[in-house]
Every structure is written in C-alpha cells, then in structure tokens.
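Asker: What follows is work27.txt, made up of compact mmCIF, C-alpha atoms:
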# COMPACT_ATOMS: atom_id res chain seq x y z
CA MET A 53 71.11 47.75 109.88
CA TYR A 54 73.00 44.69 111.16
CA ASP A 55 72.87 45.69 114.82
CA PRO A 56 72.45 42.73 117.25
CA GLY A 57 71.78 45.10 120.15
CA ARG A 58 68.09 45.35 119.27
CA PHE A 59 67.41 41.70 120.11
CA ILE A 60 66.89 39.75 123.32
CA PHE A 61 69.93 38.20 125.01
CA PRO A 62 69.67 34.67 123.50
CA MET A 63 69.80 36.18 120.02
CA ARG A 64 72.65 38.53 120.88
CA PHE A 65 74.66 35.65 122.34
CA SER A 66 74.01 33.54 119.23
CA MET A 67 75.18 36.36 116.97
CA TRP A 68 78.27 36.78 119.13
CA ALA A 69 78.94 33.05 118.71
CA TRP A 70 78.69 33.44 114.93
CA LYS A 71 81.13 36.33 114.99
CA VAL A 72 83.60 34.44 117.17
CA CYS A 73 83.35 31.42 114.87
CA GLY A 74 83.54 33.52 111.69
CA PHE A 75 80.03 32.72 110.44
CA PHE A 76 78.35 36.11 110.87
CA ASN A 77 77.93 36.48 107.12
CA ALA A 78 76.38 39.94 107.03
CA PRO A 79 77.24 42.02 103.92
CA VAL A 80 79.25 44.56 105.88
CA PRO A 81 82.94 45.48 105.50
CA LYS A 82 85.29 43.14 107.37
CA SER A 83 88.79 44.07 108.41
CA VAL A 84 91.78 42.21 106.98
CA ALA A 85 92.61 40.85 110.43
CA TYR A 86 89.09 39.45 110.90
CA ARG A 87 89.13 37.82 107.45
CA VAL A 88 92.46 36.16 108.26
CA TYR A 89 91.01 35.01 111.58
CA CYS A 90 87.97 33.55 109.83
CA TYR A 91 90.08 31.57 107.35
CA ALA A 92 92.27 30.28 110.19
CA PHE A 93 89.17 29.23 112.12
CA TYR A 94 87.66 27.47 109.09
CA SER A 95 90.91 25.61 108.50
CA CYS A 96 91.94 24.63 112.02
CA ILE A 97 88.72 24.40 114.02
CA MET A 98 86.35 23.24 111.29
CA ALA A 99 88.15 21.45 108.42
CA VAL A 100 91.06 19.80 110.27
CA TYR A 101 88.98 19.02 113.36
CA LEU A 102 86.17 17.38 111.39
CA PHE A 103 88.67 15.53 109.17
CA VAL A 104 90.40 14.01 112.19
CA LEU A 105 87.02 13.22 113.70
CA LEU A 106 86.10 11.33 110.53
CA LEU A 107 89.40 9.42 110.47
CA ASN A 108 88.84 8.28 114.06
CA VAL A 109 85.90 6.21 112.83
CA PHE A 110 88.46 3.96 111.11
CA VAL A 111 90.98 3.84 113.95
CA PRO A 112 91.30 0.28 115.39
CA GLN A 113 89.20 0.11 118.53
CA PRO A 114 86.61 -2.25 120.01
CA PHE A 115 83.47 -2.51 117.91
CA GLU A 116 81.25 -1.22 120.71
CA GLN A 117 83.42 1.86 121.19
CA ARG A 118 83.42 2.55 117.45
CA VAL A 119 79.62 2.29 117.25
CA PHE A 120 79.15 4.61 120.21
CA PHE A 121 81.74 7.04 118.86
CA ILE A 122 79.75 7.31 115.62
CA MET A 123 76.44 7.67 117.46
CA TYR A 124 77.78 9.85 120.24
CA ILE A 125 79.95 12.40 118.45
CA PHE A 126 79.97 12.06 114.69
CA LEU A 127 76.19 12.24 114.17
CA THR A 128 75.96 15.30 116.42
CA GLU A 129 78.68 17.03 114.39
CA THR A 130 76.84 16.23 111.15
CA ALA A 131 73.72 18.02 112.38
CA MET A 132 75.85 20.96 113.57
CA ILE A 133 77.47 21.33 110.13
CA LEU A 134 74.10 21.41 108.37
CA LYS A 135 72.67 24.01 110.78
CA THR A 136 75.76 26.20 110.49
CA LEU A 137 75.86 26.01 106.69
CA THR A 138 72.15 26.87 106.57
CA ILE A 139 72.75 30.05 108.55
CA TYR A 140 75.91 30.97 106.65
CA ARG A 141 74.57 30.40 103.12
CA HIS A 142 71.18 32.00 103.74
CA PHE A 143 72.21 34.72 106.15
CA ASN A 144 70.27 37.43 104.30
CA ILE A 145 67.07 35.37 104.56
CA VAL A 146 67.72 34.69 108.25
CA TRP A 147 68.32 38.36 108.93
CA SER A 148 65.20 39.39 107.04
CA LEU A 149 63.25 37.05 109.32
CA TYR A 150 64.85 38.77 112.30
CA GLU A 151 63.81 42.13 110.92
CA THR A 152 60.27 40.83 110.50
CA THR A 153 60.08 39.96 114.21
CA LEU A 154 61.07 43.56 115.04
CA GLY A 155 58.86 45.18 112.40
CA VAL A 156 55.94 47.46 113.11
CA SER A 157 53.34 44.78 112.37
CA PHE A 158 54.87 42.45 114.99
CA GLN A 159 54.84 45.04 117.76
CA PRO A 160 52.18 44.99 120.53
CA ARG A 161 49.45 47.60 120.21
CA ASP A 162 48.62 48.22 123.85
CA GLU A 163 49.89 47.58 127.35
CA GLN A 164 48.06 44.27 127.67
CA GLU A 165 49.70 42.92 124.52
CA ARG A 166 53.06 44.26 125.64
CA GLU A 167 52.80 42.45 128.97
CA LEU A 168 51.78 39.23 127.23
CA GLN A 169 54.76 39.43 124.88
CA GLN A 170 57.17 40.16 127.72
CA ARG A 171 55.88 37.18 129.71
CA ARG A 172 56.32 34.87 126.74
CA LEU A 173 59.83 36.16 126.04
CA ALA A 174 60.74 35.76 129.71
CA VAL A 175 59.78 32.07 129.51
CA PHE A 176 61.84 31.75 126.32
CA ASN A 177 64.85 33.27 128.11
CA ARG A 178 64.55 30.85 131.02
CA TRP A 179 64.49 27.82 128.73
CA TYR A 180 67.46 29.24 126.85
CA TYR A 181 69.48 29.75 130.04
CA ALA A 182 68.82 26.14 131.04
CA TYR A 183 69.82 24.87 127.60
CA ILE A 184 72.99 26.93 127.35
CA PHE A 185 73.94 25.96 130.92
CA VAL A 186 73.78 22.19 130.36
CA SER A 187 75.51 22.60 126.98
CA HIS A 188 78.39 24.51 128.56
CA MET A 189 78.64 21.98 131.37
CA ALA A 190 78.86 19.20 128.80
CA ALA A 191 81.63 21.07 126.97
CA PHE A 192 83.57 22.17 130.07
CA GLY A 193 83.13 18.74 131.64
CA THR A 194 85.89 17.49 129.38
CA GLY A 195 88.38 19.20 131.67
CA SER A 196 87.67 16.58 134.33
CA HIS A 197 89.57 14.07 132.15
CA LEU A 198 92.70 15.81 133.38
CA LEU A 199 92.00 14.39 136.83
CA SER A 200 92.47 10.87 135.48
CA ALA A 201 95.84 9.17 135.42
CA GLU A 202 95.04 7.38 132.16
CA TYR A 203 95.88 10.30 129.80
CA ARG A 204 92.60 10.00 127.94
CA MET A 205 91.51 12.42 125.27
CA PRO A 206 88.11 14.10 125.71
CA PHE A 207 86.58 13.22 122.33
CA PHE A 208 88.76 11.16 119.99
CA PRO A 209 91.89 9.15 120.77
CA TRP A 210 93.89 9.47 117.53
CA PHE A 211 95.43 12.68 116.21
CA PHE A 212 97.58 12.08 113.12
CA GLY A 213 99.53 9.41 114.97
CA VAL A 214 101.11 11.90 117.40
CA PRO A 215 102.20 10.00 120.53
CA TYR A 216 101.04 11.35 123.87
CA GLY A 217 100.90 10.16 127.43
CA GLU A 218 103.15 9.92 130.43
CA ASP A 219 106.28 10.32 128.31
CA ALA A 220 104.83 13.12 126.15
CA HIS A 221 103.05 15.58 128.43
CA VAL A 222 103.33 18.58 126.10
CA ALA A 223 101.76 16.71 123.19
CA TYR A 224 98.99 15.40 125.45
CA TYR A 225 98.00 18.78 126.87
CA THR A 226 98.28 20.49 123.47
CA ILE A 227 96.03 17.98 121.74
CA PHE A 228 93.70 17.95 124.74
CA ALA A 229 93.32 21.76 124.59
CA TYR A 230 92.76 21.65 120.83
CA GLN A 231 89.99 19.06 121.12
CA SER A 232 88.33 20.85 124.04
CA PHE A 233 88.34 24.31 122.47
CA GLY A 234 87.28 22.91 119.11
CA MET A 235 84.29 21.10 120.59
CA TYR A 236 83.39 24.20 122.61
CA PHE A 237 83.19 26.29 119.45
CA HIS A 238 81.16 23.55 117.77
CA MET A 239 78.82 23.57 120.77
CA LEU A 240 78.37 27.34 120.34
CA LEU A 241 77.44 26.87 116.68
CA ASN A 242 75.06 24.03 117.49
CA THR A 243 73.21 25.92 120.22
CA ALA A 244 73.13 29.09 118.09
CA GLY A 245 71.38 27.21 115.28
CA ASP A 246 68.81 25.76 117.67
CA THR A 247 68.20 29.19 119.19
CA GLN A 248 67.35 30.71 115.80
CA LEU A 249 64.66 28.16 115.01
CA CYS A 250 63.15 28.25 118.50
CA TYR A 251 63.11 32.07 118.54
CA MET A 252 61.35 32.32 115.18
CA MET A 253 58.72 29.73 116.07
CA HIS A 254 58.21 31.40 119.43
CA MET A 255 57.66 34.79 117.79
CA ILE A 256 55.18 33.22 115.38
CA GLY A 257 53.33 31.71 118.35
CA ILE A 258 53.21 35.09 120.10
CA GLN A 259 51.83 36.75 116.98
CA LEU A 260 49.09 34.12 116.67
CA GLU A 261 48.19 34.75 120.30
CA LEU A 262 48.06 38.52 119.78
CA LEU A 263 46.06 38.03 116.60
CA GLY A 264 43.51 35.96 118.49
CA LYS A 265 43.12 38.73 121.06
CA ARG A 266 42.54 41.31 118.31
CA PHE A 267 39.87 39.17 116.66
CA ARG A 268 38.08 38.71 119.97
CA ASP A 269 38.01 42.50 120.40
CA LEU A 270 35.93 43.02 117.23
CA ASN A 271 32.65 44.13 118.78
CA ASN A 272 30.77 45.92 116.00
CA SER A 273 30.66 46.40 112.24
CA GLU A 274 32.69 49.64 112.38
CA GLU A 275 35.61 47.89 114.09
CA PHE A 276 35.19 44.96 111.72
CA ASP A 277 35.35 47.15 108.59
CA ARG A 278 38.40 48.94 109.93
CA SER A 279 40.37 45.96 111.27
CA PHE A 280 39.32 42.70 109.62
CA VAL A 281 41.29 43.04 106.38
CA PRO A 282 44.52 44.19 108.12
CA LEU A 283 44.19 41.28 110.55
CA VAL A 284 43.79 38.80 107.70
CA GLN A 285 46.81 40.35 105.97
CA HIS A 286 48.81 39.94 109.18
CA TYR A 287 47.70 36.32 109.36
CA ASN A 288 49.01 35.81 105.82
CA LYS A 289 52.29 37.45 106.78
CA ILE A 290 52.68 35.10 109.74
CA HIS A 291 51.95 32.12 107.49
CA ARG A 292 54.53 33.25 104.91
CA MET A 293 57.11 33.64 107.65
CA LEU A 294 56.36 30.14 108.95
CA CYS A 295 56.79 28.69 105.44
CA ARG A 296 60.14 30.47 105.04
CA VAL A 297 61.36 29.18 108.41
CA GLN A 298 60.26 25.64 107.56
CA ASN A 299 61.93 25.67 104.13
CA LEU A 300 65.09 27.16 105.59
CA PHE A 301 65.64 24.70 108.43
CA SER A 302 64.07 21.51 107.01
CA PRO A 303 67.31 19.81 105.78
CA ALA A 304 69.24 20.40 109.01
CA TYR A 305 66.44 19.32 111.33
CA PHE A 306 65.53 16.34 109.20
CA VAL A 307 69.01 15.05 110.02
CA GLN A 308 68.69 16.25 113.63
CA PHE A 309 65.44 14.34 114.14
CA SER A 310 66.88 11.28 112.37
CA VAL A 311 69.92 10.96 114.62
CA SER A 312 68.68 12.41 117.89
CA GLY A 313 67.15 9.18 119.16
CA LEU A 314 70.41 7.29 118.60
CA VAL A 315 72.47 10.03 120.24
CA ILE A 316 70.21 10.17 123.31
CA CYS A 317 70.31 6.37 123.52
CA ALA A 318 74.12 6.35 123.32
CA SER A 319 74.33 9.05 126.00
CA ALA A 320 71.99 7.14 128.32
CA TYR A 321 73.94 3.93 127.81
CA GLN A 322 77.20 5.68 128.60
CA VAL A 323 75.70 7.17 131.75
CA ALA A 324 74.26 3.86 132.93
CA SER A 325 77.35 1.79 132.20
CA MET A 326 80.13 4.20 133.15
CA LEU A 327 78.87 6.67 135.75
CA ASN A 328 80.35 6.33 139.22
CA LEU A 329 80.90 8.71 142.09
CA ASN A 330 84.69 8.49 141.85
CA ASP A 331 85.01 9.57 138.21
CA PHE A 332 83.85 13.16 137.64
CA SER A 333 84.65 12.92 133.94
CA LYS A 334 81.54 10.80 133.44
CA LEU A 335 79.35 13.70 134.56
CA MET A 336 79.94 15.10 131.09
CA ASN A 337 77.78 12.26 129.76
CA VAL A 338 74.91 13.31 132.02
CA PHE A 339 75.00 16.93 130.84
CA TYR A 340 75.51 15.80 127.26
CA MET A 341 72.38 13.65 127.44
CA MET A 342 70.43 16.54 128.97
CA SER A 343 71.69 18.90 126.26
CA MET A 344 70.76 16.52 123.44
CA THR A 345 67.30 15.98 124.96
CA MET A 346 66.72 19.74 125.11
CA GLN A 347 68.17 20.15 121.64
CA ILE A 348 65.33 18.15 120.16
CA GLY A 349 62.75 18.89 122.88
CA LEU A 350 62.75 22.68 122.60
CA PRO A 351 62.04 22.84 118.82
CA CYS A 352 59.28 20.28 119.34
CA TYR A 353 57.84 22.33 122.20
CA TYR A 354 57.78 25.60 120.25
CA GLY A 355 56.47 23.90 117.13
CA ASN A 356 53.72 22.37 119.23
CA GLU A 357 52.90 25.83 120.63
CA VAL A 358 52.51 27.19 117.09
CA THR A 359 49.99 24.46 116.29
CA LEU A 360 48.05 24.93 119.54
CA LYS A 361 47.86 28.71 119.13
CA SER A 362 46.75 28.24 115.55
CA TYR A 363 43.87 26.11 116.84
CA ALA A 364 43.13 28.76 119.46
CA LEU A 365 42.98 31.43 116.76
CA THR A 366 40.00 29.71 115.17
CA ASN A 367 38.16 29.76 118.51
CA ALA A 368 39.12 33.41 119.03
CA ILE A 369 37.64 34.40 115.65
CA TYR A 370 34.44 32.56 116.47
CA SER A 371 34.37 34.30 119.86
CA SER A 372 34.09 37.73 118.26
CA ARG A 373 30.63 39.29 118.01
CA TRP A 374 30.17 38.30 114.39
CA TYR A 375 26.49 37.54 115.05
CA ASN A 376 25.81 41.27 115.58
CA MET A 377 27.32 42.24 112.23
CA PRO A 378 25.81 42.55 108.74
CA GLN A 379 25.50 39.46 106.59
CA SER A 380 28.45 40.45 104.36
CA ASN A 381 30.71 40.60 107.40
CA ARG A 382 29.44 37.26 108.67
CA LYS A 383 30.26 35.68 105.30
CA SER A 384 33.78 37.07 105.48
CA VAL A 385 34.23 35.58 108.94
CA GLN A 386 32.86 32.26 107.74
CA MET A 387 35.27 32.10 104.79
CA PHE A 388 38.21 32.99 106.99
CA LEU A 389 37.19 30.33 109.53
CA VAL A 390 37.29 27.73 106.77
CA ARG A 391 40.88 28.72 106.09
CA THR A 392 41.97 28.68 109.74
CA ASN A 393 40.41 25.25 110.30
CA LYS A 394 43.71 23.84 108.98
CA PRO A 395 46.16 24.75 111.74
CA PHE A 396 49.76 25.80 111.26
CA ALA A 397 52.22 22.93 111.53
CA VAL A 398 56.00 22.89 111.21
CA ALA A 399 57.64 19.84 109.66
CA ALA A 400 61.08 18.82 108.45
CA PHE A 401 60.66 17.77 104.82
CA GLY A 402 57.03 16.99 105.61
CA TYR A 403 58.12 13.88 107.53
CA PHE A 404 59.13 14.88 111.07
CA ASN A 405 56.65 17.20 112.76
CA PHE A 406 57.79 19.69 115.36
CA ASN A 407 55.41 18.73 118.15
CA LEU A 408 55.39 16.94 121.49
CA PRO A 409 54.12 13.60 120.10
CA ALA A 410 57.20 13.52 117.83
CA PHE A 411 59.40 14.22 120.84
CA THR A 412 57.88 11.40 122.88
CA THR A 413 58.23 9.07 119.88
CA ILE A 414 61.95 9.85 119.69
CA LEU A 415 62.38 9.24 123.42
CA ASN A 416 60.46 5.96 123.19
CA MET A 417 62.70 4.84 120.33
CA ALA A 418 65.81 5.81 122.29
CA TYR A 419 64.56 3.93 125.35
CA SER A 420 63.76 0.81 123.29
CA VAL A 421 67.26 0.71 121.78
CA TYR A 422 68.73 1.38 125.22
CA CYS A 423 66.86 -1.60 126.70
CA VAL A 424 68.13 -3.88 123.93
CA LEU A 425 71.72 -2.77 124.51
CA GLN A 426 71.41 -3.23 128.28
CA ARG A 427 69.98 -6.72 127.80
CA LYS A 428 72.82 -7.70 125.49
CA ALA A 429 75.39 -6.23 127.86
CA LYS A 430 74.06 -8.37 130.72
CA ASN A 431 74.23 -11.50 128.57
CA VAL A 432 77.88 -10.94 127.64
Let's see the structure in the file written out as structure tokens.
Answerer:
Amino acid sequence: MYDPGRFIFPMRFSMWAWKVCGFFNAPVPKSVAYRVYCYAFYSCIMAVYLFVLLLNVFVPQPFEQRVFFIMYIFLTETAMILKTLTIYRHFNIVWSLYETTLGVSFQPRDEQERELQQRRLAVFNRWYYAYIFVSHMAAFGTGSHLLSAEYRMPFFPWFFGVPYGEDAHVAYYTIFAYQSFGMYFHMLLNTAGDTQLCYMMHMIGIQLELLGKRFRDLNNSEEFDRSFVPLVQHYNKIHRMLCRVQNLFSPAYFVQFSVSGLVICASAYQVASMLNLNDFSKLMNVFYMMSMTMQIGLPCYYGNEVTLKSYALTNAIYSSRWYNMPQSNRKSVQMFLVRTNKPFAVAAFGYFNFNLPAFTTILNMAYSVYCVLQRKAKNV
C-alpha cells in the first residue's frame, strides 16, 4: 500500500527525503536499527541543531547581524518545522490524498486526456527540477566558506562555546560539517513539504481541466443523463480534496507567507551588500534568495492555476450543448452553473491567498523594506 514507486519523481524524491530524515510516518513495521537511527536524527539533527540555532539569537554580535540572522535563518527554520510536523502528524491524511490522485476517478479516460495530463506533469517536473537545483546550490554553497582564511561558520557562529579557528582545526571542520549536513537535511524537509502542497494543487488543477473537457463533450440528452451526475459527483470530490489540503497546510503556510517577504528582503540585502567576484561563498546568498522566491512563488502559481481553471470550468459547462436538451436538463445545468460561479480558491487561514497577486504583494513588500535598509546603510 505504501509504495512510493507509483508516483512521479518529485514525489518519490520527497518520500525518500522523509525516510532519510526519519519522518516517513507510515504505519508499517520498522526495523530496530531504523528506529534507533530516527531517534538519533531527531536528537542530533533536529533538537540539538534547532536549540543551538535559537541560542545564537542571544549571542553577542552587532545588532544588524542579529536582525539578519533572525530574518535569514531562524524564520526559515520555523516554517520548515511547521511543514514537517504537519506531514508527520497527519501522515495518514496526506497519504490518503496521494491515493486519491492515483484513484480511478482521477485517471484520464482517453488518449487526449492522457496527453494533457502528461504535458501538465512534465511542466510540474521542470519547475521542481529548477527549485531543487537552486535549493541544493544554496545548501552546498556553504562549502565555499572553506576557501576563506577567516574560519567562518556557514550558518551560526557559536556552538556551546567550543573554540575553533586556526589553533583548533579539528573542532572547526567538525562543527562546520555538522552545520552543513544539518542544514542540508533541513533543506530536504523544507522542499519536500513544498512539493506536497504544489503537487496536490496541481493535480486538482488538472482534474478541473479534464472535468471542463468532459462537460464540453456533452452533446445530447442521452450523454447528459449518463454523465452529468457522475461529473457533478467528481466535482464535489475535487472540492472536498481542496478543502482537506487547505485545512492541512494552512498553519504552516500562514507562517511561510508571513515571513517570506522578510526572508527575501534579507537575502537581497545580503546579496547587494556582500556579493563580490572574489568571494564565492556569497553566491550562496544568490541561490538562497532564488530558492526562497520559488518557495513562495510556486504555491502561489499552482493556487492561481486552481482558481483560473475553476473559472474556466464554468465557461466549459456553458459551452456544452445544453440548449438542445430537455428543460429538466437545462435546469440542472443552470443550478450547477450557479454553484460554479464561486471559483475554487486556496487560502492560509482565510487570510493569505495562494495566487499571483499575493506573490507580487510579498515581493513589493520585500522590495520596499530593502529600499529602506539600503537608504539607511548609505546614510551611515
């Protein structure tokens, strides 16, 4: 039942990330060795790592560096924790949603629908490859700190007061490796959570598109009597799935939307103030900014697609040959059109909408804060 091999590559990679990080919470027997590994991962890579990250907020450092540390790292980790806990605590619900996307009712009925679905999934894969690429570059970019002679840590400078530097090479490289691997695993969890939401919204958008095609193909009363009720039932199923996805991910993405503008602003400021051709370690900031932009842009894009295809469904229903059908059938179409006049929309706690206007609003906010910071920096 819990076989990841049935899914497209982005989903398989996300499930692999959960297994590696010990969060694949399927109710299947786990070996003693894997359970020990999971507890070790929770303790060392999650609990200790996040605890030290929190303590670094209070480590003496310039005010500007402390503010950017909070905006740049800590807020991102907070969103990651919420997304990971959502998947872990509600794994059965998440998996049932996966099963829905592979169910009989979600499968294409003919070659034309199959080609449409494959084209849409191919686009999804390309966006995923771009997202996972920039995320990995941001994570692996920390290795370029080793090229510096300053013995800088990749993410946080303090680690339980352990001295490191020119006179303590072993401690430096050990702590450096711990921070780098820890953040890499956190990046895997973060991208895996984003992939789940985007995949589910994308599948909902595909189903709305296929549903519109099936409504347009209703040419006579016989086809209407045979297909209209099942199509309405499928519409209801899609709507229930959308509500479950929204309720499941609302808390995590409410936080994600709340902090994303600040994180993008901090990344842009770091890039503008620190990037130079002689310091490759600063390229990490560029990829980090790109990753954070895609992290909020992709859910907004797929949420926007759901809304647009919901609007298109209303036009598709009206495009059927309802005018050639009996009056009872025309009344059924009219009642269903009234219902579809309110399009599907995904929102986090009913406040942040997953659409492109929300994405541009976040970018505008980030740019406004960035301009203020740049102006103050020039006046110092």
Asker: Could you check the closest approach to Leu154 in chain A for each of A:Met252, A:Leu360, A:Val109, A:Met205 and tell me which residue wins, using all atoms listed in the file?
Answerer: A:Met252
Asker: Skipping near chain neighbours, those fewer than 2 positions away, what residues fall within 8 Å of Leu263 in chain A using only C-alpha atoms, listed as a PDB file with C-alpha atoms, in the frame of the given file?
Answerer:
ATOM      1  CA  GLN A 259      51.830  36.750 116.980  1.00  0.00           C
ATOM      2  CA  LEU A 260      49.090  34.120 116.670  1.00  0.00           C
ATOM      3  CA  GLU A 261      48.190  34.750 120.300  1.00  0.00           C
ATOM      4  CA  LYS A 265      43.120  38.730 121.060  1.00  0.00           C
ATOM      5  CA  ARG A 266      42.540  41.310 118.310  1.00  0.00           C
ATOM      6  CA  PHE A 267      39.870  39.170 116.660  1.00  0.00           C
ATOM      7  CA  LEU A 283      44.190  41.280 110.550  1.00  0.00           C
ATOM      8  CA  TYR A 287      47.700  36.320 109.360  1.00  0.00           C
ATOM      9  CA  LEU A 365      42.980  31.430 116.760  1.00  0.00           C
TER      10      LEU A 365
END
Asker: Taking all atoms listed in the file into account, which of A:Asn337, A:Ile258, A:Phe309, A:Ala397 comes nearest Gln159 in chain A?
Answerer: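 Closest to Gln159 in chain A of all the choices is A:Ile258.
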Asker: What gap, in Å, lies between CA of Thr194 in chain A and CA of Tyr340 in chain A?
Answerer: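 CA of Tyr340 in chain A lies 10.7 Å from CA of Thr194 in chain A.
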Asker: Tell me which residues come within 10 Å of (74.2, 26.4, 110.8), as a list in words, counting all atoms listed in the file in the file's coordinates.
Answerer: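 These residues have at least one counted atom within 10 Å: Trp70, Phe75, Ala131, Met132, Ile133, Leu134, Lys135, Thr136, Leu137, Thr138, Ile139, Tyr140, Arg141, His142, Phe143, Leu241, Asn242, Thr243, Ala244, Gly245, Asp246, Gln248, Phe301 and Ala304 of chain A.
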Asker: Which residues, written as a list in words, have at least one atom at most 10 Å from Tyr101 in chain A, with all atoms listed in the file counted and residues fewer than 2 positions away on the same chain left out?
Answerer: Tyr94, Ser95, Cys96, Ile97, Met98, Ala99, Phe103, Val104, Leu105, Leu106, Phe211, Tyr230, Gln231, Gly234 and Met235 of chain A
Asker: Hey, what's within 12 Å of Ile227 in chain A if we count all atoms listed in the file and toss same-chain stuff fewer than 6 positions away? As a ChimeraX atom specification, please?
Answerer: /A:101,104,203-217,220-221,233-234
Asker: Give me the box for range 168-171 of chain A as lines of an AutoDock Vina configuration file, namely the centre and edge lengths in Å to one decimal of a box along x, y and z that holds every listed atom plus 6 Å on each side.
Answerer:
center_x = 54.5
center_y = 38.7
center_z = 127.3
size_x = 17.4
size_y = 15.0
size_z = 16.8
Asker: For Ala190 in chain A, work out the shell of residues within 9 Å, counting all atoms listed in the file and skipping chain neighbours fewer than 5 positions away, then give it as an MDAnalysis selection string.
Answerer: chainID A and resid 185 335:343
